[in-house]
$ cat upload_10.txt   # compact mmCIF, C-alpha atoms
# COMPACT_ATOMS: atom_id res chain seq x y z
CA ARG F 861 82.52 81.02 89.44
CA VAL F 862 83.66 82.79 92.58
CA HIS F 863 86.20 80.06 93.25
CA LEU F 864 87.37 80.05 89.64
CA ALA F 865 88.03 83.78 89.93
CA ALA F 866 89.98 83.15 93.14
CA SER F 867 92.01 80.41 91.45
CA ALA F 868 92.73 82.68 88.48
CA VAL F 869 94.05 85.42 90.77
CA ASN F 870 96.31 82.89 92.48
CA GLN F 871 97.87 81.92 89.14
CA CYS F 872 98.43 85.61 88.37
CA ARG F 873 100.18 86.13 91.69
CA ILE F 874 102.55 83.21 91.12
CA ALA F 875 103.36 84.15 87.51
CA LEU F 876 103.91 87.82 88.38
CA ALA F 877 106.08 86.96 91.39
CA ILE F 878 108.29 84.90 89.06
CA ALA F 879 108.40 87.48 86.26
CA VAL F 880 108.91 90.51 88.51
CA LYS F 881 111.69 88.90 90.53
CA TYR F 882 113.38 87.76 87.35
CA ALA F 883 113.07 91.26 85.87
CA HIS F 884 114.83 92.75 88.89
CA GLY F 885 117.66 90.19 88.72
CA ARG F 886 118.15 89.86 84.97
CA ARG F 887 120.41 92.53 83.50
CA ALA F 888 121.01 93.62 79.91
CA PHE F 889 123.23 96.35 78.44
CA SER F 890 124.95 99.16 80.27
CA ARG F 891 123.73 102.74 80.49
CA ASP F 892 126.70 104.12 78.53
CA GLY F 893 126.93 101.32 75.97
CA ALA F 894 130.15 99.91 77.44
CA VAL F 895 130.74 96.17 77.20
CA GLY F 896 133.14 93.73 78.82
CA PRO F 897 133.91 92.19 82.20
CA GLY F 898 133.06 94.35 85.19
CA VAL F 899 130.59 96.55 83.30
CA GLU F 900 127.39 97.10 85.29
CA GLU F 901 124.35 96.31 83.23
CA VAL F 902 120.81 97.60 83.75
CA PRO F 903 118.09 95.39 85.32
CA ILE F 904 115.52 94.79 82.60
CA VAL F 905 112.73 95.99 84.89
CA GLU F 906 114.13 99.52 84.52
CA TYR F 907 113.41 99.56 80.79
CA GLN F 908 110.13 101.41 80.29
CA VAL F 909 108.69 98.92 77.81
CA HIS F 910 109.42 95.97 80.11
CA ALA F 911 107.90 97.76 83.10
CA MET F 912 104.86 98.61 80.97
CA ARG F 913 104.37 94.93 80.21
CA LEU F 914 104.31 93.85 83.84
CA MET F 915 103.30 96.71 86.15
CA PRO F 916 99.73 97.42 84.95
CA ARG F 917 99.04 93.69 85.20
CA LEU F 918 100.57 93.56 88.65
CA ALA F 919 98.38 96.49 89.73
CA ALA F 920 95.27 94.86 88.23
CA THR F 921 96.04 91.61 90.06
CA VAL F 922 96.21 93.48 93.38
CA VAL F 923 92.87 95.13 92.60
CA MET F 924 91.23 91.85 91.64
CA GLN F 925 92.61 90.07 94.71
CA VAL F 926 90.97 92.63 97.00
CA VAL F 927 87.66 92.38 95.12
CA VAL F 928 87.69 88.56 95.00
CA ASN F 929 88.35 88.46 98.75
CA GLU F 930 85.30 90.64 99.36
CA ARG F 931 83.12 88.64 96.96
CA LYS F 932 84.13 85.42 98.72
CA ARG F 933 83.08 86.98 102.02
CA GLU F 934 79.73 88.00 100.52
CA TRP F 935 79.24 84.57 99.01
CA HIS F 936 79.40 83.01 102.46
CA GLY F 937 76.97 85.59 103.83
CA ASP F 938 73.27 86.28 103.31
CA VAL F 939 73.06 87.31 99.65
CA ASP F 940 70.41 87.27 96.95
CA ALA F 941 70.96 84.27 94.63
CA LYS F 942 70.08 86.23 91.47
CA GLU F 943 72.46 89.05 92.37
CA VAL F 944 75.25 86.53 93.04
CA HIS F 945 74.56 84.92 89.66
CA VAL F 946 75.02 88.25 87.88
CA TRP F 947 78.12 89.58 89.66
CA SER F 948 79.86 86.21 89.73
CA SER F 949 79.34 85.88 85.97
CA GLY F 950 80.98 89.22 85.24
CA LEU F 951 83.75 88.73 87.80
CA LYS F 952 84.67 85.26 86.56
CA ALA F 953 84.86 86.51 82.96
CA MET F 954 87.03 89.54 83.69
CA VAL F 955 89.39 87.80 86.13
CA THR F 956 89.99 84.68 84.03
CA TRP F 957 90.62 86.76 80.90
CA HIS F 958 93.04 88.81 82.97
CA MET F 959 94.76 85.59 84.08
CA SER F 960 95.18 84.39 80.50
CA GLU F 961 96.72 87.74 79.53
CA VAL F 962 99.01 87.80 82.58
CA LEU F 963 100.35 84.28 82.01
CA GLN F 964 101.09 85.03 78.36
CA GLU F 965 102.78 88.37 79.10
CA CYS F 966 104.83 86.94 81.96
CA ARG F 967 105.90 84.02 79.77
CA GLU F 968 107.09 86.41 77.05
CA ALA F 969 108.67 88.85 79.51
CA CYS F 970 110.94 86.08 80.78
CA GLY F 971 112.20 85.31 77.28
CA GLY F 972 113.30 81.75 76.61
CA GLN F 973 113.53 81.18 80.36
CA GLY F 974 109.78 81.64 80.56
CA TYR F 975 109.22 78.76 78.16
CA LYS F 976 111.25 76.24 80.17
CA SER F 977 108.97 73.87 82.04
CA ASP F 978 110.91 74.15 85.31
CA ASN F 979 110.19 77.89 85.35
CA ARG F 980 106.47 77.04 85.58
CA ILE F 981 104.79 79.85 83.63
CA ALA F 982 104.36 78.00 80.33
CA THR F 983 102.95 74.91 82.03
CA MET F 984 100.68 77.06 84.20
CA LYS F 985 99.24 78.65 81.07
CA SER F 986 98.65 75.23 79.59
CA ASP F 987 97.01 73.91 82.76
CA PHE F 988 94.86 76.89 83.73
CA ASP F 989 93.78 78.41 80.39
CA ILE F 990 90.69 76.23 80.67
CA LEU F 991 89.41 78.53 83.43
CA VAL F 992 88.14 80.93 80.76
CA THR F 993 85.72 78.15 79.72
CA PHE F 994 84.87 76.39 82.99
CA GLU F 995 81.42 77.30 84.38
CA GLY F 996 80.49 79.05 81.14
CA ASP F 997 82.28 80.69 78.22
CA ASN F 998 83.19 84.22 79.20
CA HIS F 999 81.32 85.84 76.31
CA VAL F 1000 78.20 83.91 77.29
CA LEU F 1001 78.61 85.03 80.92
CA LEU F 1002 78.84 88.67 79.87
CA GLY F 1003 75.63 88.07 77.93
CA VAL F 1004 74.00 87.03 81.22
CA VAL F 1005 75.17 90.28 82.80
CA SER F 1006 73.98 92.53 79.96
CA LYS F 1007 70.59 90.83 79.69
CA THR F 1008 69.96 91.38 83.39
CA LEU F 1009 71.17 94.98 83.29
CA SER F 1010 68.96 95.80 80.31
CA ALA F 1011 65.85 94.25 81.88
CA VAL F 1012 66.41 95.97 85.24
CA TYR F 1013 67.01 99.33 83.55
CA ARG F 1014 63.81 99.13 81.48
CA SER F 1015 61.81 98.26 84.58
CA GLN F 1016 63.26 101.09 86.68
CA LYS F 1017 63.06 103.64 83.86
CA LYS F 1018 59.26 103.40 83.93
CA ARG F 1019 59.29 104.55 87.58
CA ASN F 1020 62.00 107.14 86.91
CA ARG F 1021 63.68 105.97 90.09
CA TYR F 1022 66.77 103.82 90.13
CA SER F 1023 68.26 101.46 92.68
CA GLY F 1024 70.77 98.64 92.91
CA TYR F 1025 72.93 98.47 89.80
CA PHE F 1026 71.82 101.90 88.62
CA GLU F 1027 71.44 103.92 91.79
CA PHE F 1028 74.04 106.37 90.44
CA LEU F 1029 71.55 107.39 87.71
CA ASN F 1030 69.44 109.23 90.33
CA ASP F 1031 72.19 111.85 90.47
CA ALA F 1032 73.79 111.18 87.09
CA ASP F 1033 73.77 114.85 86.04
CA GLY F 1034 75.58 115.87 89.22
CA ILE F 1035 78.11 113.03 89.12
CA LEU F 1036 78.82 112.97 85.41
CA GLY F 1037 78.39 116.68 84.79
CA SER F 1038 81.63 117.38 86.65
CA LEU F 1039 83.69 115.12 84.39
CA GLY F 1040 85.22 117.93 82.35
CA THR F 1041 86.21 119.92 85.46
CA HIS F 1042 88.70 117.34 86.78
CA THR F 1043 92.33 118.32 86.28
CA ASP F 1044 93.89 115.31 88.03
CA VAL F 1045 93.20 112.28 85.85
CA THR F 1046 94.66 109.98 88.53
CA SER F 1047 92.20 110.95 91.25
CA PRO F 1048 89.71 108.22 92.26
CA ASP F 1049 86.87 110.72 91.71
CA PHE F 1050 87.87 111.29 88.08
CA LEU F 1051 88.45 107.59 87.42
CA LEU F 1052 85.13 106.47 88.92
CA CYS F 1053 83.32 109.29 87.14
CA THR F 1054 84.85 108.22 83.81
CA PHE F 1055 83.85 104.59 84.35
CA LEU F 1056 80.31 105.64 85.33
CA THR F 1057 80.04 107.85 82.24
CA ARG F 1058 81.03 104.96 79.99
CA GLU F 1059 78.47 102.68 81.62
CA LYS F 1060 75.64 105.21 81.44
CA ARG F 1061 76.21 106.08 77.78
CA LEU F 1062 76.49 102.43 76.75
CA LEU F 1063 73.32 101.65 78.70
CA LEU F 1064 71.36 104.44 77.01
CA HIS F 1065 72.73 103.52 73.60
CA LEU F 1066 71.76 99.86 74.04
CA ASP F 1067 68.27 100.85 75.19
CA GLU F 1068 67.86 103.06 72.11
CA GLU F 1069 69.12 100.37 69.74
CA LEU F 1070 66.73 97.79 71.21
CA ALA F 1071 63.84 100.25 70.90
CA THR F 1072 64.54 100.93 67.22
CA ARG F 1073 64.38 97.18 66.58
CA ALA F 1074 61.12 96.64 68.45
CA ALA F 1075 59.49 95.10 65.34
CA LEU F 1076 62.08 92.32 65.18
CA SER F 1077 61.85 89.01 66.98
CA GLU F 1078 63.46 88.86 70.41
CA PHE F 1079 66.30 86.75 69.00
CA ASP F 1080 67.05 89.07 66.07
CA ARG F 1081 66.86 92.14 68.31
CA ALA F 1082 69.30 90.65 70.81
CA ASN F 1083 71.63 89.32 68.11
CA ALA F 1084 71.83 92.69 66.34
CA THR F 1085 72.98 94.39 69.55
CA GLN F 1086 75.12 91.64 71.02
CA MET F 1087 78.48 93.41 70.75
CA LEU F 1088 77.08 96.60 72.27
CA ALA F 1089 75.53 94.55 75.08
CA GLU F 1090 78.87 92.88 75.81
CA GLU F 1091 80.57 96.28 76.00
CA LEU F 1092 77.95 97.33 78.56
CA ALA F 1093 78.53 94.18 80.63
CA ARG F 1094 82.28 94.77 80.59
CA ALA F 1095 81.81 98.43 81.52
CA HIS F 1096 79.51 97.56 84.41
CA THR F 1097 81.79 94.83 85.77
CA GLU F 1098 84.91 96.98 85.57
CA ARG F 1099 83.12 99.88 87.23
CA VAL F 1100 81.96 97.66 90.10
CA ILE F 1101 85.48 96.23 90.49
CA LEU F 1102 87.01 99.71 90.71
CA GLU F 1103 84.30 101.03 93.01
CA MET F 1104 84.53 98.06 95.36
CA PHE F 1105 88.33 98.18 95.42
CA PHE F 1106 88.56 101.82 96.51
CA ASP F 1107 85.76 101.25 99.04
CA GLN F 1108 87.61 98.27 100.57
CA VAL F 1109 90.92 100.16 100.68
CA ASN F 1110 89.28 103.09 102.45
CA LYS F 1111 87.75 100.77 105.06
CA ALA F 1112 90.77 98.50 105.54
CA GLU F 1113 92.77 98.46 108.76
CA ALA F 1114 96.12 99.17 107.16
CA SER F 1115 99.09 101.46 107.57
CA ASP F 1116 99.13 104.71 105.62
CA GLU F 1117 102.06 103.38 103.59
CA LEU F 1118 100.23 100.20 102.59
CA ARG F 1119 97.04 102.10 101.84
CA GLU F 1120 98.96 104.43 99.52
CA VAL F 1121 100.48 101.50 97.60
CA LEU F 1122 97.04 99.93 97.23
CA ARG F 1123 95.59 103.20 95.92
CA LEU F 1124 98.52 103.46 93.53
CA CYS F 1125 97.60 100.04 92.14
CA GLY F 1126 93.95 101.06 91.81
CA ARG F 1127 94.81 104.23 89.93
CA LEU F 1128 97.14 102.42 87.52
CA TYR F 1129 94.55 99.69 86.95
CA ALA F 1130 91.94 102.27 85.96
CA LEU F 1131 94.26 104.35 83.77
CA HIS F 1132 95.43 101.23 81.94
CA ARG F 1133 91.81 100.25 81.26
CA ILE F 1134 91.02 103.72 79.95
CA ALA F 1135 94.13 103.89 77.76
CA GLY F 1136 93.49 100.45 76.30
CA GLN F 1137 89.83 100.80 75.28
CA SER F 1138 88.61 103.07 72.51
CA VAL F 1139 85.10 103.06 73.99
CA PHE F 1140 86.08 105.88 76.35
CA LEU F 1141 86.83 108.17 73.41
CA ARG F 1142 84.02 106.86 71.18
CA TYR F 1143 81.49 107.77 73.85
CA GLU F 1144 83.25 111.03 74.78
CA CYS F 1145 83.92 109.96 78.35
CA LEU F 1146 87.04 112.13 78.32
CA SER F 1147 88.47 114.86 76.13
CA SER F 1148 91.42 114.48 73.77
CA ALA F 1149 93.55 116.48 76.19
CA GLN F 1150 92.52 114.22 79.07
CA ALA F 1151 93.33 111.15 76.95
CA HIS F 1152 96.88 112.44 76.39
CA LYS F 1153 97.16 113.13 80.11
CA VAL F 1154 95.97 109.61 80.91
CA GLN F 1155 98.83 108.18 78.86
CA GLU F 1156 101.41 110.44 80.52
CA GLU F 1157 100.18 109.70 84.02
CA MET F 1158 99.94 105.99 83.33
CA LEU F 1159 103.65 105.87 82.45
CA ARG F 1160 104.46 107.82 85.61
CA LEU F 1161 102.46 105.40 87.76
CA VAL F 1162 104.09 102.43 86.02
CA ALA F 1163 107.45 103.73 87.30
CA GLU F 1164 106.03 104.16 90.81
CA VAL F 1165 104.59 100.64 90.87
CA ARG F 1166 107.90 99.31 89.51
CA ASP F 1167 109.72 100.86 92.47
CA ASN F 1168 107.32 99.02 94.81
CA SER F 1169 106.99 95.84 92.74
CA LEU F 1170 109.38 93.65 94.73
CA ALA F 1171 107.63 94.55 97.97
CA ILE F 1172 104.24 93.86 96.36
CA VAL F 1173 105.15 90.39 95.10
CA GLU F 1174 106.83 89.59 98.43
CA GLY F 1175 103.52 90.57 100.00
CA PHE F 1176 101.85 87.82 97.95
CA ASP F 1177 103.74 85.46 100.28
CA ILE F 1178 104.28 82.78 97.64
CA PRO F 1179 106.48 79.98 99.07
CA ASP F 1180 109.75 79.41 97.21
CA CYS F 1181 108.62 75.89 96.36
CA LEU F 1182 105.82 77.36 94.21
CA LEU F 1183 108.10 79.84 92.45
CA ALA F 1184 110.63 79.09 89.71
CA PRO F 1185 114.45 78.95 89.62
CA ILE F 1186 114.58 82.24 87.68
CA ALA F 1187 112.71 83.94 90.53
CA LEU F 1188 115.43 82.92 92.98
CA ASP F 1189 118.90 82.62 91.39
CA TRP F 1190 118.61 82.40 87.65
CA LEU F 1191 122.38 82.70 87.10
CA SER F 1192 123.17 79.70 89.26
CA HIS F 1193 120.36 77.67 87.74
CA ASN F 1194 121.71 78.30 84.24
CA SER F 1195 125.40 77.86 85.03
CA ARG F 1196 127.46 75.56 82.84
CA ALA F 1197 127.99 73.28 85.83
CA LYS F 1198 124.29 72.45 85.80
CA LEU F 1199 123.92 72.04 82.04

$ encode --input "upload_10.txt" --output "structure tokens"
Amino acid sequence: RVHLAASAVNQCRIALAIAVKYAHGRRAFSRDGAVGPGVEEVPIVEYQVHAMRLMPRLAATVVMQVVVNERKREWHGDVDAKEVHVWSSGLKAMVTWHMSEVLQECREACGGQGYKSDNRIATMKSDFDILVTFEGDNHVLLGVVSKTLSAVYRSQKKRNRYSGYFEFLNDADGILGSLGTHTDVTSPDFLLCTFLTREKRLLLHLDEELATRAALSEFDRANATQMLAEELARAHTERVILEMFFDQVNKAEASDELREVLRLCGRLYALHRIAGQSVFLRYECLSSAQAHKVQEEMLRLVAEVRDNSLAIVEGFDIPDCLLAPIALDWLSHNSRAKL
């Protein structure tokens, strides 16, 4: 599962390198509506909708690459087999689903060019979509995560002392009580606090729902709460990904400029997750005003990532032989002389 997650990230990097480079080179329409020879058209990456399609996924891929690298290092170290089983299940599910989404969005963002076999993205999607099923269906793997979390929580709740997965619950009132005081919704503190709040409230809700169904068989009790349990597993995995990413960035030997770009990616990743999931509002993890601010700030960070996107995909260091013609010189590749 660790290696499947690594493979999935690699496919994301290739597809995004192709789509981002194409978006910077492909132009459409002028700023003043003028048409004709000599009119300068706008690179499609500058259109907000197009940037919104690619940049959050680019940021998420950077985040997942950092986390996968660390998990690979842990895998080769001295780790508890049961703990590896749990985190690798959640990681494989989230990363391979991300890959499937990235390949589809990159394919569409390149228009008809993205469907041509020599531009790779369509065939990559066909070849690698199976990763969401290899080593366990992703929904089943999230069930493994939620079952473990629920059992560990019930055991630790009896002692009223938490460790491991739920160590943050020892100071939950202090950590989560400050949620409404944050004014900067892009700060790592706010983002981590919001993710922790979601996880805690889903955990408590699942525990309550299981308790109210105590008279049912174990199967019926689990089946009646399966969707809630999957939300908890997703919340836990995404929280761990975000937490580990910021921790690795803070410890990395990197220039201030690189560290800032990495943090930018982490902040956009988190905001995009918050904006795209109703669970944060359903469980009152942020106010309505904060939700509006999340959307505004997400669009601002999309523009910032866009301005750094060529440097980011160049940093992936994908050889030209693994890219596509549209990532290099799409005009020459589609010239009449070659048709």

$ residues_around --input "upload_10.txt" --residues "His1132 of chain F" --least-positions-apart "6" --cutoff "9 Å" --atoms "all atoms listed in the file" --output "PyMOL selection string"
chain F and resi 916-917+920+1154-1155+1158

$ write_last_selection --input "upload_10.txt" --atoms "C-alpha atoms" --output "PDB file, keeping the file's coordinate frame"
ATOM      1  CA  PRO F 916      99.730  97.420  84.950  1.00  0.00           C
ATOM      2  CA  ARG F 917      99.040  93.690  85.200  1.00  0.00           C
ATOM      3  CA  ALA F 920      95.270  94.860  88.230  1.00  0.00           C
ATOM      4  CA  VAL F1154      95.970 109.610  80.910  1.00  0.00           C
ATOM      5  CA  GLN F1155      98.830 108.180  78.860  1.00  0.00           C
ATOM      6  CA  MET F1158      99.940 105.990  83.330  1.00  0.00           C
TER       7      MET F1158
END

$ residues_around --input "upload_10.txt" --residues "segment 955-965 of chain F" --least-positions-apart "3" --cutoff "10 Å" --atoms "all atoms listed in the file" --output "number ranges by chain"
F: 861-862, 864-876, 879, 913-914, 916-918, 920-921, 924-925, 928, 950-952, 968-970, 974, 981-986, 988-994, 998

$ write_last_selection --input "upload_10.txt" --atoms "C-alpha atoms" --output "PDB file, in the frame of the given file"
ATOM      1  CA  ARG F 861      82.520  81.020  89.440  1.00  0.00           C
ATOM      2  CA  VAL F 862      83.660  82.790  92.580  1.00  0.00           C
ATOM      3  CA  LEU F 864      87.370  80.050  89.640  1.00  0.00           C
ATOM      4  CA  ALA F 865      88.030  83.780  89.930  1.00  0.00           C
ATOM      5  CA  ALA F 866      89.980  83.150  93.140  1.00  0.00           C
ATOM      6  CA  SER F 867      92.010  80.410  91.450  1.00  0.00           C
ATOM      7  CA  ALA F 868      92.730  82.680  88.480  1.00  0.00           C
ATOM      8  CA  VAL F 869      94.050  85.420  90.770  1.00  0.00           C
ATOM      9  CA  ASN F 870      96.310  82.890  92.480  1.00  0.00           C
ATOM     10  CA  GLN F 871      97.870  81.920  89.140  1.00  0.00           C
ATOM     11  CA  CYS F 872      98.430  85.610  88.370  1.00  0.00           C
ATOM     12  CA  ARG F 873     100.180  86.130  91.690  1.00  0.00           C
ATOM     13  CA  ILE F 874     102.550  83.210  91.120  1.00  0.00           C
ATOM     14  CA  ALA F 875     103.360  84.150  87.510  1.00  0.00           C
ATOM     15  CA  LEU F 876     103.910  87.820  88.380  1.00  0.00           C
ATOM     16  CA  ALA F 879     108.400  87.480  86.260  1.00  0.00           C
ATOM     17  CA  ARG F 913     104.370  94.930  80.210  1.00  0.00           C
ATOM     18  CA  LEU F 914     104.310  93.850  83.840  1.00  0.00           C
ATOM     19  CA  PRO F 916      99.730  97.420  84.950  1.00  0.00           C
ATOM     20  CA  ARG F 917      99.040  93.690  85.200  1.00  0.00           C
ATOM     21  CA  LEU F 918     100.570  93.560  88.650  1.00  0.00           C
ATOM     22  CA  ALA F 920      95.270  94.860  88.230  1.00  0.00           C
ATOM     23  CA  THR F 921      96.040  91.610  90.060  1.00  0.00           C
ATOM     24  CA  MET F 924      91.230  91.850  91.640  1.00  0.00           C
ATOM     25  CA  GLN F 925      92.610  90.070  94.710  1.00  0.00           C
ATOM     26  CA  VAL F 928      87.690  88.560  95.000  1.00  0.00           C
ATOM     27  CA  GLY F 950      80.980  89.220  85.240  1.00  0.00           C
ATOM     28  CA  LEU F 951      83.750  88.730  87.800  1.00  0.00           C
ATOM     29  CA  LYS F 952      84.670  85.260  86.560  1.00  0.00           C
ATOM     30  CA  GLU F 968     107.090  86.410  77.050  1.00  0.00           C
ATOM     31  CA  ALA F 969     108.670  88.850  79.510  1.00  0.00           C
ATOM     32  CA  CYS F 970     110.940  86.080  80.780  1.00  0.00           C
ATOM     33  CA  GLY F 974     109.780  81.640  80.560  1.00  0.00           C
ATOM     34  CA  ILE F 981     104.790  79.850  83.630  1.00  0.00           C
ATOM     35  CA  ALA F 982     104.360  78.000  80.330  1.00  0.00           C
ATOM     36  CA  THR F 983     102.950  74.910  82.030  1.00  0.00           C
ATOM     37  CA  MET F 984     100.680  77.060  84.200  1.00  0.00           C
ATOM     38  CA  LYS F 985      99.240  78.650  81.070  1.00  0.00           C
ATOM     39  CA  SER F 986      98.650  75.230  79.590  1.00  0.00           C
ATOM     40  CA  PHE F 988      94.860  76.890  83.730  1.00  0.00           C
ATOM     41  CA  ASP F 989      93.780  78.410  80.390  1.00  0.00           C
ATOM     42  CA  ILE F 990      90.690  76.230  80.670  1.00  0.00           C
ATOM     43  CA  LEU F 991      89.410  78.530  83.430  1.00  0.00           C
ATOM     44  CA  VAL F 992      88.140  80.930  80.760  1.00  0.00           C
ATOM     45  CA  THR F 993      85.720  78.150  79.720  1.00  0.00           C
ATOM     46  CA  PHE F 994      84.870  76.390  82.990  1.00  0.00           C
ATOM     47  CA  ASN F 998      83.190  84.220  79.200  1.00  0.00           C
TER      48      ASN F 998
END

$ closest_residue --input "upload_10.txt" --among "F:Val923, F:Val946, F:Met915, F:Val895" --to "Ile1101 of chain F" --atoms "only C-alpha atoms"
F:Val923

$ atom_distance --input "upload_10.txt" --atom1 "atom CA of Glu1103 of chain F" --atom2 "atom CA of Ala1171 of chain F"
24.7 Å

$ closest_atom_pairs --input "upload_10.txt" --of "segment 972-1011 of chain F" --to "segment 938-945 of chain F" --cutoff "10 Å" --atoms "all atoms listed in the file" --output "Markdown table"
| residue | atom | partner | partner_atom | distance |
| --- | --- | --- | --- | --- |
| F:Leu1001 | CA | F:His945 | CA | 9.6 |
| F:Val1004 | CA | F:His945 | CA | 8.7 |
| F:Val1005 | CA | F:His945 | CA | 8.7 |
| F:Thr1008 | CA | F:Lys942 | CA | 9.6 |

$ residues_around --input "upload_10.txt" --residues "segment 880-889 of chain F" --least-positions-apart "4" --cutoff "6 Å" --atoms "all atoms listed in the file" --output "PyMOL selection string"
chain F and resi 876+901-905+1186-1187
